[in-house]
$ cat upload_10.cif   # mmCIF, C-alpha atoms
data_model
loop_
_atom_site.label_atom_id
_atom_site.label_comp_id
_atom_site.auth_asym_id
_atom_site.auth_seq_id
_atom_site.Cartn_x
_atom_site.Cartn_y
_atom_site.Cartn_z
CA MET A 27 0.00 0.00 0.00
CA SER A 28 1.46 3.37 -1.03
CA ARG A 29 2.06 6.05 1.63
CA ARG A 30 -0.55 8.31 0.02
CA LEU A 31 -3.14 5.54 -0.03
CA LEU A 32 -2.41 4.74 3.59
CA ILE A 33 -2.95 8.40 4.57
CA LEU A 34 -6.27 8.47 2.67
CA PHE A 35 -7.35 5.29 4.44
CA VAL A 36 -6.57 6.79 7.86
CA ILE A 37 -8.52 9.98 6.99
CA TYR A 38 -11.48 7.85 5.90
CA ALA A 39 -11.35 5.91 9.17
CA VAL A 40 -11.33 9.07 11.28
CA VAL A 41 -13.86 11.13 9.32
CA ILE A 42 -16.29 8.45 8.21
CA VAL A 43 -16.05 5.44 10.48
CA ARG A 44 -15.82 7.22 13.86
CA PRO A 45 -19.04 9.24 13.37
CA ALA A 46 -20.74 6.05 12.21
CA CYS A 47 -19.63 4.34 15.41
CA ALA A 48 -20.89 7.32 17.41
CA ALA A 49 -24.22 7.11 15.62
CA ASP A 50 -24.42 3.40 16.46
CA GLU A 51 -23.56 4.24 20.07
CA PHE A 52 -26.40 6.79 20.26
CA SER A 53 -28.89 4.28 18.85
CA LYS A 54 -27.59 1.63 21.23
CA ASN A 55 -27.97 3.84 24.30
CA ASN A 56 -31.25 5.51 23.33
CA PRO A 57 -33.34 3.09 21.22
CA ASP A 58 -36.90 4.08 20.34
CA ILE A 59 -38.57 1.77 22.85
CA TYR A 60 -41.56 2.89 24.98
CA LYS A 61 -40.51 6.54 24.78
CA TYR A 62 -44.04 7.91 24.78
CA GLU A 63 -44.95 5.76 27.78
CA PHE A 64 -41.81 6.89 29.57
CA ALA A 65 -42.45 10.59 28.89
CA ARG A 66 -46.06 10.21 30.04
CA SER A 67 -44.92 8.54 33.27
CA TYR A 68 -42.31 11.25 33.87
CA ILE A 69 -44.74 14.12 33.29
CA THR A 70 -47.36 12.44 35.49
CA ALA A 71 -44.73 12.12 38.21
CA LEU A 72 -44.05 15.86 37.92
CA SER A 73 -47.72 16.53 38.61
CA TYR A 74 -47.20 15.16 42.11
CA MET A 75 -44.34 17.58 42.54
CA ARG A 76 -46.91 20.29 41.84
CA GLU A 77 -48.92 18.97 44.80
CA ILE A 78 -45.86 19.36 47.04
CA TYR A 79 -45.11 22.83 45.67
CA ASP A 80 -48.67 24.06 46.26
CA ARG A 81 -48.73 22.59 49.74
CA TRP A 82 -45.86 24.79 50.90
CA ASN A 83 -46.41 27.86 48.77
CA LYS A 84 -50.17 28.26 48.73
CA ASN A 85 -51.16 26.60 51.99
CA ALA A 86 -48.03 26.83 54.14
CA PRO A 87 -48.77 26.05 57.82
CA LYS A 88 -46.70 29.05 58.91
CA LYS A 89 -49.14 31.28 57.02
CA LEU A 90 -52.35 29.44 57.87
CA PHE A 91 -51.63 29.08 61.57
CA ALA A 92 -49.25 31.97 62.29
CA SER A 93 -51.01 32.78 65.56
CA ASP A 94 -51.31 29.19 66.79
CA LYS A 95 -47.87 27.59 67.21
CA PRO A 96 -49.01 24.09 68.31
CA LYS A 97 -51.43 23.87 65.39
CA MET A 98 -48.75 25.15 63.00
CA ILE A 99 -46.29 22.49 64.18
CA ARG A 100 -48.85 19.68 63.87
CA ALA A 101 -49.83 20.87 60.39
CA THR A 102 -46.15 20.97 59.35
CA ILE A 103 -45.62 17.38 60.52
CA GLU A 104 -48.76 16.33 58.66
CA ASP A 105 -47.67 18.08 55.46
CA LEU A 106 -44.26 16.40 55.57
CA ALA A 107 -46.08 13.07 55.72
CA TYR A 108 -48.19 14.08 52.71
CA ASP A 109 -45.00 15.08 50.89
CA ASN A 110 -43.53 11.64 51.45
CA SER A 111 -46.67 10.03 50.07
CA ASP A 112 -46.35 12.12 46.90
CA LEU A 113 -42.60 11.43 46.66
CA ARG A 114 -43.26 7.69 46.84
CA VAL A 115 -45.74 8.02 43.98
CA ILE A 116 -43.14 9.94 41.94
CA LYS A 117 -40.59 7.24 42.71
CA ASN A 118 -42.96 4.41 41.74
CA TYR A 119 -43.73 5.98 38.36
CA LEU A 120 -40.03 5.72 37.45
CA LEU A 121 -39.04 2.49 39.23
CA LYS A 122 -40.09 0.19 36.40
CA TYR A 123 -37.75 1.97 33.97
CA LEU A 124 -34.64 1.01 35.96
CA THR A 125 -34.55 -2.19 33.89
CA SER A 126 -35.32 -0.55 30.54
CA PRO A 127 -33.14 -1.57 27.56
CA ASN A 128 -32.76 2.18 26.95
CA ARG A 129 -29.70 3.21 28.95
CA LEU A 130 -30.53 6.92 28.91
CA MET A 131 -34.01 6.12 30.20
CA ARG A 132 -32.45 4.08 32.98
CA LYS A 133 -30.21 7.02 33.88
CA VAL A 134 -33.18 9.38 34.22
CA ALA A 135 -35.11 6.85 36.29
CA ASP A 136 -32.10 6.24 38.53
CA ILE A 137 -31.64 9.96 39.23
CA VAL A 138 -35.31 10.35 40.20
CA VAL A 139 -35.51 7.18 42.29
CA VAL A 140 -32.32 7.97 44.24
CA SER A 141 -33.15 11.66 44.76
CA THR A 142 -36.73 10.99 45.91
CA SER A 143 -35.45 8.35 48.35
CA ARG A 144 -33.06 10.93 49.82
CA GLU A 145 -35.83 13.52 50.02
CA ILE A 146 -38.08 11.07 51.85
CA ALA A 147 -35.29 10.46 54.37
CA ILE A 148 -34.83 14.21 54.86
CA ASN A 149 -38.55 14.63 55.45
CA ASP A 150 -38.52 11.83 58.02
CA ASP A 151 -35.67 13.57 59.83
CA GLU A 152 -37.52 16.87 59.75
CA LYS A 153 -40.71 15.28 61.07
CA THR A 154 -38.73 13.98 64.03
CA LEU A 155 -37.21 17.44 64.50
CA TRP A 156 -40.64 19.10 64.58
CA GLU A 157 -42.05 16.45 66.92
CA LYS A 158 -39.25 17.12 69.41
CA TRP A 159 -39.80 20.86 69.04
CA PHE A 160 -43.52 20.36 69.71
CA ASP A 161 -42.72 18.43 72.89
CA LEU A 162 -40.28 21.11 74.06
CA ASN A 163 -42.88 23.82 73.52
CA ALA A 164 -45.57 21.79 75.28
CA ALA A 165 -43.25 21.29 78.25
CA GLY A 166 -42.29 24.96 78.34
CA GLN A 167 -38.66 24.08 77.63
CA ALA A 168 -38.25 25.80 74.25
CA SER A 169 -35.41 28.03 75.37
CA ARG A 170 -33.67 30.50 73.07
CA PRO A 171 -30.53 28.33 72.67
CA LYS A 172 -32.70 25.32 71.76
CA GLU A 173 -34.62 27.44 69.27
CA ILE A 174 -31.34 28.48 67.64
CA ASP A 175 -30.29 24.80 67.36
CA PHE A 176 -33.71 23.96 65.89
CA VAL A 177 -33.41 26.67 63.22
CA LYS A 178 -29.82 25.67 62.35
CA THR A 179 -30.80 22.02 61.92
CA GLN A 180 -33.76 22.99 59.74
CA TYR A 181 -31.53 25.20 57.60
CA ALA A 182 -29.09 22.32 57.08
CA MET A 183 -31.99 20.19 55.84
CA GLU A 184 -32.99 22.89 53.36
CA LEU A 185 -29.47 22.86 51.95
CA ARG A 186 -29.75 19.11 51.44
CA ARG A 187 -33.04 19.67 49.63
CA LYS A 188 -31.34 21.98 47.16
CA GLU A 189 -29.34 18.98 45.95
CA PHE A 190 -32.61 17.18 45.32
CA ASP A 191 -33.79 20.18 43.30
CA LYS A 192 -30.66 20.13 41.12
CA GLU A 193 -31.00 16.40 40.49
CA ILE A 194 -34.64 16.66 39.37
CA VAL A 195 -33.79 19.46 36.91
CA GLN A 196 -30.91 17.34 35.59
CA ALA A 197 -33.29 14.40 35.14
CA SER A 198 -35.79 16.61 33.29
CA VAL A 199 -33.13 17.83 30.87
CA LEU A 200 -32.04 14.23 30.21
CA MET A 201 -35.67 13.19 29.74
CA THR A 202 -35.92 15.54 26.76
CA LYS A 203 -32.91 13.73 25.24
CA VAL A 204 -34.78 10.44 25.58
CA LEU A 205 -37.51 11.91 23.35
CA ILE A 206 -35.01 12.31 20.49
CA SER A 207 -35.36 9.48 17.99
CA ASP A 208 -32.53 7.03 17.44
CA LYS A 209 -33.00 7.72 13.73
CA ASN A 210 -31.07 10.97 14.16
CA LYS A 211 -27.51 10.36 13.00
CA ASN A 212 -24.93 10.64 15.78
CA GLY A 213 -27.66 11.90 18.10
CA LYS A 214 -27.89 15.09 16.05
CA GLY A 215 -31.07 16.09 14.32
CA HIS A 216 -34.57 17.20 15.19
CA LEU A 217 -36.68 14.07 14.83
CA LEU A 218 -38.65 13.02 17.90
CA ALA A 219 -39.58 9.44 18.76
CA VAL A 220 -43.26 10.31 19.34
CA ASN A 221 -45.96 11.01 16.78
CA SER A 222 -47.94 14.25 16.61
CA GLN A 223 -50.93 12.84 18.50
CA GLN A 224 -48.74 11.53 21.33
CA ARG A 225 -46.88 14.81 21.41
CA GLN A 226 -50.12 16.75 21.90
CA LYS A 227 -51.23 14.38 24.66
CA LEU A 228 -47.96 14.98 26.50
CA LEU A 229 -48.43 18.74 26.16
CA ASP A 230 -52.02 18.50 27.39
CA LYS A 231 -50.85 16.53 30.41
CA LEU A 232 -48.15 19.12 31.12
CA ASP A 233 -50.68 21.96 30.77
CA SER A 234 -53.10 20.26 33.18
CA PHE A 235 -50.84 21.13 36.11
CA GLY A 236 -48.09 23.35 34.70
CA GLY A 237 -50.07 25.90 32.71
CA ASP A 238 -48.76 27.25 29.42
CA ASN A 239 -47.41 30.62 30.54
CA LEU A 240 -43.77 29.71 31.19
CA ASP A 241 -41.01 30.64 28.75
CA TRP A 242 -39.03 27.84 27.17
CA GLY A 243 -35.75 26.65 28.64
CA LEU A 244 -33.97 27.14 31.93
CA LYS A 245 -34.02 30.59 33.47
CA SER A 246 -32.23 32.06 36.46
CA GLY A 247 -34.38 32.11 39.58
CA GLN A 248 -36.78 29.39 38.45
CA ARG A 249 -37.97 26.81 40.94
CA THR A 250 -37.38 23.12 40.29
CA LEU A 251 -40.86 22.43 38.94
CA GLU A 252 -40.85 25.52 36.70
CA SER A 253 -37.45 24.56 35.26
CA SER A 254 -38.59 21.01 34.55
CA ILE A 255 -41.80 22.14 32.89
CA SER A 256 -39.95 24.73 30.77
CA VAL A 257 -37.32 22.38 29.35
CA ILE A 258 -39.89 19.70 28.51
CA ARG A 259 -42.31 22.22 26.98
CA GLU A 260 -39.57 23.61 24.76
CA VAL A 261 -39.03 20.25 23.06
CA LEU A 262 -42.73 19.46 22.76
CA GLU A 263 -43.79 22.88 21.45
CA ASP A 264 -40.89 24.12 19.33
CA SER A 265 -41.61 23.54 15.63
CA ILE A 266 -37.94 22.83 15.00
CA TRP A 267 -38.62 19.40 16.48
CA ILE A 268 -40.40 17.08 14.07
CA SER A 269 -42.83 14.37 15.17
CA ILE A 270 -41.98 10.95 13.82
CA ASP A 271 -45.11 10.83 11.64
CA GLU A 272 -44.30 14.22 10.05
CA GLN A 273 -40.87 13.42 8.63
#
$ encode --input "upload_10.cif" --output "structure tokens"
Amino acid sequence: MSRRLLILFVIYAVVIVRPACAADEFSKNNPDIYKYEFARSYITALSYMREIYDRWNKNAPKKLFASDKPKMIRATIEDLAYDNSDLRVIKNYLLKYLTSPNRLMRKVADIVVVSTSREIAINDDEKTLWEKWFDLNAAGQASRPKEIDFVKTQYAMELRRKEFDKEIVQASVLMTKVLISDKNKNGKGHLLAVNSQQRQKLLDKLDSFGGDNLDWGLKSGQRTLESSISVIREVLEDSIWISIDEQ
């Protein structure tokens, strides 16, 4: 083989074969299997996050029972229990995808399952914290130093929750990648793995609890739920993305 021919062969291998391998790798990791069902499960799971969000932002015990400390504490403990019920539902919607042949789908499911499990544990810890605080108040032993310790411990729990928030947003961004069809070469292209009817159903489900007034994409200052809704809506609404039956 001449030197020039050898060089041409190497160039062909780098320019042609490597992208082909990458394209095969994308198809291997993100095959078009049950993607509509997965997206529907994920969006339904987010609707339970809306329940949690509304519980603390629209009906927060500290607002409802500001003048009645014992009632406020009991309501807080009760709401944390409700949160855990919703988190378990979220977790269960994604559990079955941990064994999916789609590796990207498995990654999303794993992030949600692990992060919700951590959040449930944090809520259990906070319930215990509030129960002890209730007992101290009932016994007239809620001294200023103990109140400071209570607030510090609660603040530490909130910091742990911020990690949960980051993980859910990460999962939502990855979920939109799952929606991309494996027919896109090298993972690049704008063909979705759902048809136009399925796409509309997913949007309708998103609108049923998320509304349609949020801008597309991630924005500074957005809450976890808003960020998740925005990134998913962008893929489902933007006309640059083509439904599989419209290609």
$ resolve_selection --input "upload_10.cif" --expression "the PyMOL selection byres ((chain A and resi 271) around 7)" --output "list in words"
Asn221, Ser222, Ser269, Ile270, Glu272 and Gln273 of chain A
$ write_last_selection --input "upload_10.cif" --atoms "C-alpha atoms" --output "mmCIF file, keeping the file's coordinate frame"
data_model
loop_
_atom_site.group_PDB
_atom_site.id
_atom_site.type_symbol
_atom_site.label_atom_id
_atom_site.label_comp_id
_atom_site.auth_asym_id
_atom_site.auth_seq_id
_atom_site.Cartn_x
_atom_site.Cartn_y
_atom_site.Cartn_z
ATOM 1 C CA ASN A 221 -45.960 11.010 16.780
ATOM 2 C CA SER A 222 -47.940 14.250 16.610
ATOM 3 C CA SER A 269 -42.830 14.370 15.170
ATOM 4 C CA ILE A 270 -41.980 10.950 13.820
ATOM 5 C CA GLU A 272 -44.300 14.220 10.050
ATOM 6 C CA GLN A 273 -40.870 13.420 8.630
#
$ resolve_selection --input "upload_10.cif" --expression "the PyMOL selection byres ((chain A and resi 120) around 8)" --output "list in words"
Ser67, Tyr68, Ala71, Ile116, Lys117, Asn118, Tyr119, Leu121, Lys122, Tyr123, Leu124, Ala135, Val138 and Val139 of chain A
$ atom_distance --input "upload_10.cif" --atom1 "atom CA of A:Phe176" --atom2 "atom CA of A:Asp94"
18.4 Å
$ residues_around --input "upload_10.cif" --residues "A:Trp156" --least-positions-apart "2" --cutoff "9 Å" --atoms "only C-alpha atoms" --output "list of chain:residue names"
A:Ile99, A:Arg100, A:Thr102, A:Ile103, A:Asp151, A:Glu152, A:Lys153, A:Thr154, A:Lys158, A:Trp159, A:Phe160, A:Asp161, A:Phe176
$ write_last_selection --input "upload_10.cif" --atoms "C-alpha atoms" --output "PDB file, in the frame of the given file"
ATOM      1  CA  ILE A  99     -46.290  22.490  64.180  1.00  0.00           C
ATOM      2  CA  ARG A 100     -48.850  19.680  63.870  1.00  0.00           C
ATOM      3  CA  THR A 102     -46.150  20.970  59.350  1.00  0.00           C
ATOM      4  CA  ILE A 103     -45.620  17.380  60.520  1.00  0.00           C
ATOM      5  CA  ASP A 151     -35.670  13.570  59.830  1.00  0.00           C
ATOM      6  CA  GLU A 152     -37.520  16.870  59.750  1.00  0.00           C
ATOM      7  CA  LYS A 153     -40.710  15.280  61.070  1.00  0.00           C
ATOM      8  CA  THR A 154     -38.730  13.980  64.030  1.00  0.00           C
ATOM      9  CA  LYS A 158     -39.250  17.120  69.410  1.00  0.00           C
ATOM     10  CA  TRP A 159     -39.800  20.860  69.040  1.00  0.00           C
ATOM     11  CA  PHE A 160     -43.520  20.360  69.710  1.00  0.00           C
ATOM     12  CA  ASP A 161     -42.720  18.430  72.890  1.00  0.00           C
ATOM     13  CA  PHE A 176     -33.710  23.960  65.890  1.00  0.00           C
TER      14      PHE A 176
END
$ closest_residue --input "upload_10.cif" --among "A:Lys231, A:Lys95, A:Lys89, A:Lys188" --to "A:Ala164" --atoms "only C-alpha atoms"
A:Lys95
$ atom_distance --input "upload_10.cif" --atom1 "atom CA of A:Ala182" --atom2 "atom CA of A:Ser254"
24.5 Å
$ resolve_selection --input "upload_10.cif" --expression "the PyMOL selection byres ((chain A and resi 64) around 9)" --output "list in words"
Tyr60, Lys61, Tyr62, Glu63, Ala65, Arg66, Ser67, Tyr68, Ile69, Leu120, Tyr123, Met131, Met201 and Val204 of chain A
$ atom_distance --input "upload_10.cif" --atom1 "atom CA of A:Lys84" --atom2 "atom CA of A:Asn110"
18.1 Å
$ residues_around --input "upload_10.cif" --residues "A:Ile146" --least-positions-apart "2" --cutoff "9 Å" --atoms "only C-alpha atoms" --output "number ranges by chain"
A: 106, 109-111, 113-114, 141-144, 148-151
